[in-house]
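K.L.:
Below is a structure I'd like to ask you about.
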Protein chains: 2
Amino acid sequence: MPRKVAFDMLQFFQALGDSTRLRLLNLMGDQEVCVCYFVEILGAPQPKISRHLAYLRNSGVVSARREGKWMHYRIVMPPHDGAAQILRQTLDWLKDDKAMQADRARLTKACCSPAKYALDGAPVPTAISGQCCEACA
Amino acid sequence: MPRKVAFDMLQFFQALGDSTRLRLLNLMGDQEVCVCYFVEILGAPQPKISRHLAYLRNSGVVSARREGKWMHYRIVMPPHDGAAQILRQTLDWLKDDKAMQADRARLTKACCSPAKYALDGAPVPTAISGQCCEACA
DNA sequence: AAATCATATTCGTCAAAGTGAATATATCCA
DNA sequence: TGGATATATTCACTTTGACGAATATGATTT
């Protein structure tokens with residue numbers, strides 16, 4: 001049965017109307033990602049990332065989970081069917097984009113990169129653990 | 001075959017991130033509508049309507065056609081499949097909304113309303129001509 | 001408890017975007 | 001040609017939102 005739970009359309013589209021937030025959503029895709037990866041891969045100051053994540057949270061597009069000192073963010077499908085489909089379609093659209101593909105590639109390799117990605121001990125995104133190299137637990 | 005013609009995603013979502021523009025898109029739906037109806041039905045100053053229509057035009061979401069002194073606007077499906085689907089989905093979503101339904105109802109009756117809608121001679125939207133009453137040509 | 005690390009929030013500033021009022025442009029009609 | 005009508009654009013103002021820098025919070029480790 002169709003779900004038409006109220007969902008703020010305006011806030012939803014406004015959340016999608018920013019390039020940093022689109023990059024964040026692209027990195028999440030269908031997996032949970034730790035904030036530290038966002039910071040590393042976007043190469044942006046941490047407060048900026050945090051602010052945009054807060055924006056996405058307030059719009060109901062992502063949810064956060066704490067694990068010790070780390071915060072994991074994931075996309076949460078809106079309770080409205082139409083909104084959910086739009087969000088899925090948007091994520092697919094992002095996959096076409098070269099720059100977005102590059103971001104995702106960097107995320108995949110993040111756990112093994114030497115100096116630049118100083119993420120010792122940071123929780124590896126579940127979906128890429130073991131896909132990068134032998135060293136990736 | 002899938003069409004992935006470049007289409008500015010950011011501009012697209014920003015165009016959808018304003019309530020006035022959503023109301024305009026909702027009124028257009030799948031028909032061409034004259035600017036004078038937008039002004040009447042939204043009850044907003046004409047320059048405001050014009051500016052938002054210009055914004056939508058610049059985003060590639062609508063196109064304009066002149067007919068004498070009247071301008072008709074219609075939704076134009078983006079050349080990118082994903083964008084097109086999102087736009088269709090958005091229009092469907094708008095249909096769920098009470099306020100949007102009310103707007104559309106007012107559009108349907110606009111050609112026959114007595115004083116408030118002083119639109120003598122204004123071109124009746126094709127899709128509603130003849131559907132309102134006997135007087136509607 | 002103190003130091004440290006990851007993340008969030010606040011503050012002041014700046015640019016983008018929405019708005020009303022006034023004005024310009026384009027078309028039609030007399 | 002001149003006036004009337006429909007629509008578009010400009011201007012000044014205000015609000016919103018993005019930003020960097022600084023600071024606060026929350027959790028871990030020593």
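A note on labels: chains of the structure tokens are A, B, ... as shown, every chain counts residues from 1, and ligands are counted from 1 in their shown order.
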Compile the contact shell of DC29 in chain C as a PyMOL selection string: residues with an atom at most 12 Å away, counting only C-alpha atoms (C1' of nucleotides), same-chain residues fewer than 5 positions apart removed.
P.N.:
(chain B and resi 69) or (chain D and resi 1-5)
K.L.:
Quick one: everything within 10 Å of DG26 in chain D, counting only C-alpha atoms (C1' of nucleotides), minus sequence neighbours fewer than 3 positions away in the same chain. Send it as a list in words.
P.N.:
Gly68 and Lys69 of chain A; DA6, DT7 and DA8 of chain C
K.L.:
Once you have the residues from the selection above, write them out as an mmCIF file, in the first residue's frame, restricted to C-alpha atoms (C1' of nucleotides).
P.N.:
data_model
loop_
_atom_site.group_PDB
_atom_site.id
_atom_site.type_symbol
_atom_site.label_atom_id
_atom_site.label_comp_id
_atom_site.auth_asym_id
_atom_site.auth_seq_id
_atom_site.Cartn_x
_atom_site.Cartn_y
_atom_site.Cartn_z
ATOM 1 C CA GLY A 68 32.224 5.686 20.442
ATOM 2 C CA LYS A 69 33.698 8.946 19.273
ATOM 3 C "C1'" DA C 6 36.046 13.149 16.769
ATOM 4 C "C1'" DT C 7 32.273 15.798 15.986
ATOM 5 C "C1'" DA C 8 29.001 19.675 16.724
#
K.L.:
Return as number ranges by chain the residues belonging to chain B that are within 7 Å of chain A, counting only C-alpha atoms.
P.N.:
B: 10, 13-14, 16-19, 82, 86, 89, 93
K.L.:
Could you work out how far CA of Leu27 in chain A lies from CA of Gln46 in chain A, giving the answer in Å with one decimal?
P.N.:
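These atoms are spaced 15.8 Å apart.
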K.L.:
When you get a sec, could you note down which chain A residues fall within 9 Å of chain C, using only C-alpha atoms (C1' of nucleotides), as a PDB file with N, CA, C and O atoms, in the first residue's frame?
P.N.:
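Written file, out-v9.pdb:
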ATOM      1  N   VAL A  35      32.029  10.189   9.558  1.00  0.00           N
ATOM      2  CA  VAL A  35      32.279  11.595   9.243  1.00  0.00           C
ATOM      3  C   VAL A  35      33.717  11.845   8.820  1.00  0.00           C
ATOM      4  O   VAL A  35      33.987  12.622   7.904  1.00  0.00           O
ATOM      5  N   CYS A  36      34.644  11.149   9.453  1.00  0.00           N
ATOM      6  CA  CYS A  36      36.051  11.402   9.153  1.00  0.00           C
ATOM      7  C   CYS A  36      36.376  11.162   7.680  1.00  0.00           C
ATOM      8  O   CYS A  36      37.240  11.826   7.114  1.00  0.00           O
ATOM      9  N   GLN A  46      36.277  20.406   8.684  1.00  0.00           N
ATOM     10  CA  GLN A  46      35.322  19.543   9.374  1.00  0.00           C
ATOM     11  C   GLN A  46      34.025  20.242   9.778  1.00  0.00           C
ATOM     12  O   GLN A  46      32.938  19.661   9.612  1.00  0.00           O
ATOM     13  N   PRO A  47      34.084  21.497  10.283  1.00  0.00           N
ATOM     14  CA  PRO A  47      32.819  22.153  10.640  1.00  0.00           C
ATOM     15  C   PRO A  47      31.872  22.296   9.448  1.00  0.00           C
ATOM     16  O   PRO A  47      30.663  22.176   9.600  1.00  0.00           O
ATOM     17  N   SER A  50      30.169  19.040   8.979  1.00  0.00           N
ATOM     18  CA  SER A  50      29.210  18.809  10.056  1.00  0.00           C
ATOM     19  C   SER A  50      27.939  19.623   9.854  1.00  0.00           C
ATOM     20  O   SER A  50      26.835  19.135  10.103  1.00  0.00           O
ATOM     21  N   ARG A  51      28.121  20.853   9.426  1.00  0.00           N
ATOM     22  CA  ARG A  51      26.950  21.697   9.214  1.00  0.00           C
ATOM     23  C   ARG A  51      26.049  21.141   8.125  1.00  0.00           C
ATOM     24  O   ARG A  51      24.832  21.101   8.266  1.00  0.00           O
ATOM     25  N   ALA A  54      24.211  18.182   9.334  1.00  0.00           N
ATOM     26  CA  ALA A  54      23.102  18.603  10.194  1.00  0.00           C
ATOM     27  C   ALA A  54      21.909  19.035   9.350  1.00  0.00           C
ATOM     28  O   ALA A  54      20.756  18.715   9.657  1.00  0.00           O
ATOM     29  N   LYS A  69      33.538   7.554  19.669  1.00  0.00           N
ATOM     30  CA  LYS A  69      33.698   8.946  19.273  1.00  0.00           C
ATOM     31  C   LYS A  69      33.355   9.182  17.814  1.00  0.00           C
ATOM     32  O   LYS A  69      33.386  10.311  17.344  1.00  0.00           O
ATOM     33  N   TRP A  70      33.073   8.132  17.108  1.00  0.00           N
ATOM     34  CA  TRP A  70      32.743   8.300  15.694  1.00  0.00           C
ATOM     35  C   TRP A  70      31.249   8.405  15.450  1.00  0.00           C
ATOM     36  O   TRP A  70      30.442   7.796  16.149  1.00  0.00           O
ATOM     37  N   MET A  71      30.919   9.160  14.430  1.00  0.00           N
ATOM     38  CA  MET A  71      29.530   9.267  14.012  1.00  0.00           C
ATOM     39  C   MET A  71      29.398   8.694  12.607  1.00  0.00           C
ATOM     40  O   MET A  71      30.184   9.036  11.719  1.00  0.00           O
TER      41      MET A  71
END
K.L.:
Have a look at CA of Lys109 in chain A and CA of Val62 in chain A and let me know their distance in Å, one decimal.
P.N.:
23.5 Å
K.L.:
I'd like the contact shell of Val61 in chain A - 8 Å cut-off, only C-alpha atoms (C1' of nucleotides), skipping same-chain residues fewer than 3 positions apart - returned as an MDAnalysis selection string.
P.N.:
chainID A and resid 12 56:58 75:78
K.L.:
Could the residues in this selection be written to a file with N, CA and C atoms, as a CSV table (one decimal), in the first residue's frame?
P.N.:
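Dumped to part-v7.csv:
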chain,number,residue,atom,x,y,z
A,12,PHE,N,13.0,19.2,1.5
A,12,PHE,CA,13.7,18.1,0.8
A,12,PHE,C,14.4,18.6,-0.4
A,56,LEU,N,21.2,18.0,6.3
A,56,LEU,CA,20.6,16.8,5.8
A,56,LEU,C,19.7,16.1,6.9
A,57,ARG,N,20.3,16.0,8.1
A,57,ARG,CA,19.5,15.4,9.2
A,57,ARG,C,18.2,16.1,9.4
A,58,ASN,N,18.3,17.4,9.5
A,58,ASN,CA,17.0,18.2,9.7
A,58,ASN,C,16.0,18.0,8.6
A,75,ILE,N,21.9,7.3,4.5
A,75,ILE,CA,20.7,7.8,3.9
A,75,ILE,C,19.5,7.1,4.5
A,76,VAL,N,18.5,7.8,4.8
A,76,VAL,CA,17.2,7.1,5.2
A,76,VAL,C,16.1,7.5,4.2
A,77,MET,N,15.5,6.4,3.7
A,77,MET,CA,14.5,6.6,2.7
A,77,MET,C,13.3,7.3,3.3
A,78,PRO,N,12.8,8.4,2.7
A,78,PRO,CA,11.7,9.1,3.2
A,78,PRO,C,10.4,8.2,3.3
K.L.:
Residues of chain D were defined as contacting chain A if any atom lay at most 12 Å from it, counting only C-alpha atoms (C1' of nucleotides); please report them as a list of chain:residue names.
P.N.:
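Only these qualify: D:DT16, D:DG17, D:DA18, D:DC19, D:DG20, D:DA21, D:DA22, D:DT23, D:DT25, D:DG26, D:DA27, D:DT28, D:DT29.
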K.L.:
At what distance in Å, to one decimal, does CA of Leu42 in chain A lie from CA of Arg104 in chain A?
P.N.:
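It comes out at 10.6 Å.
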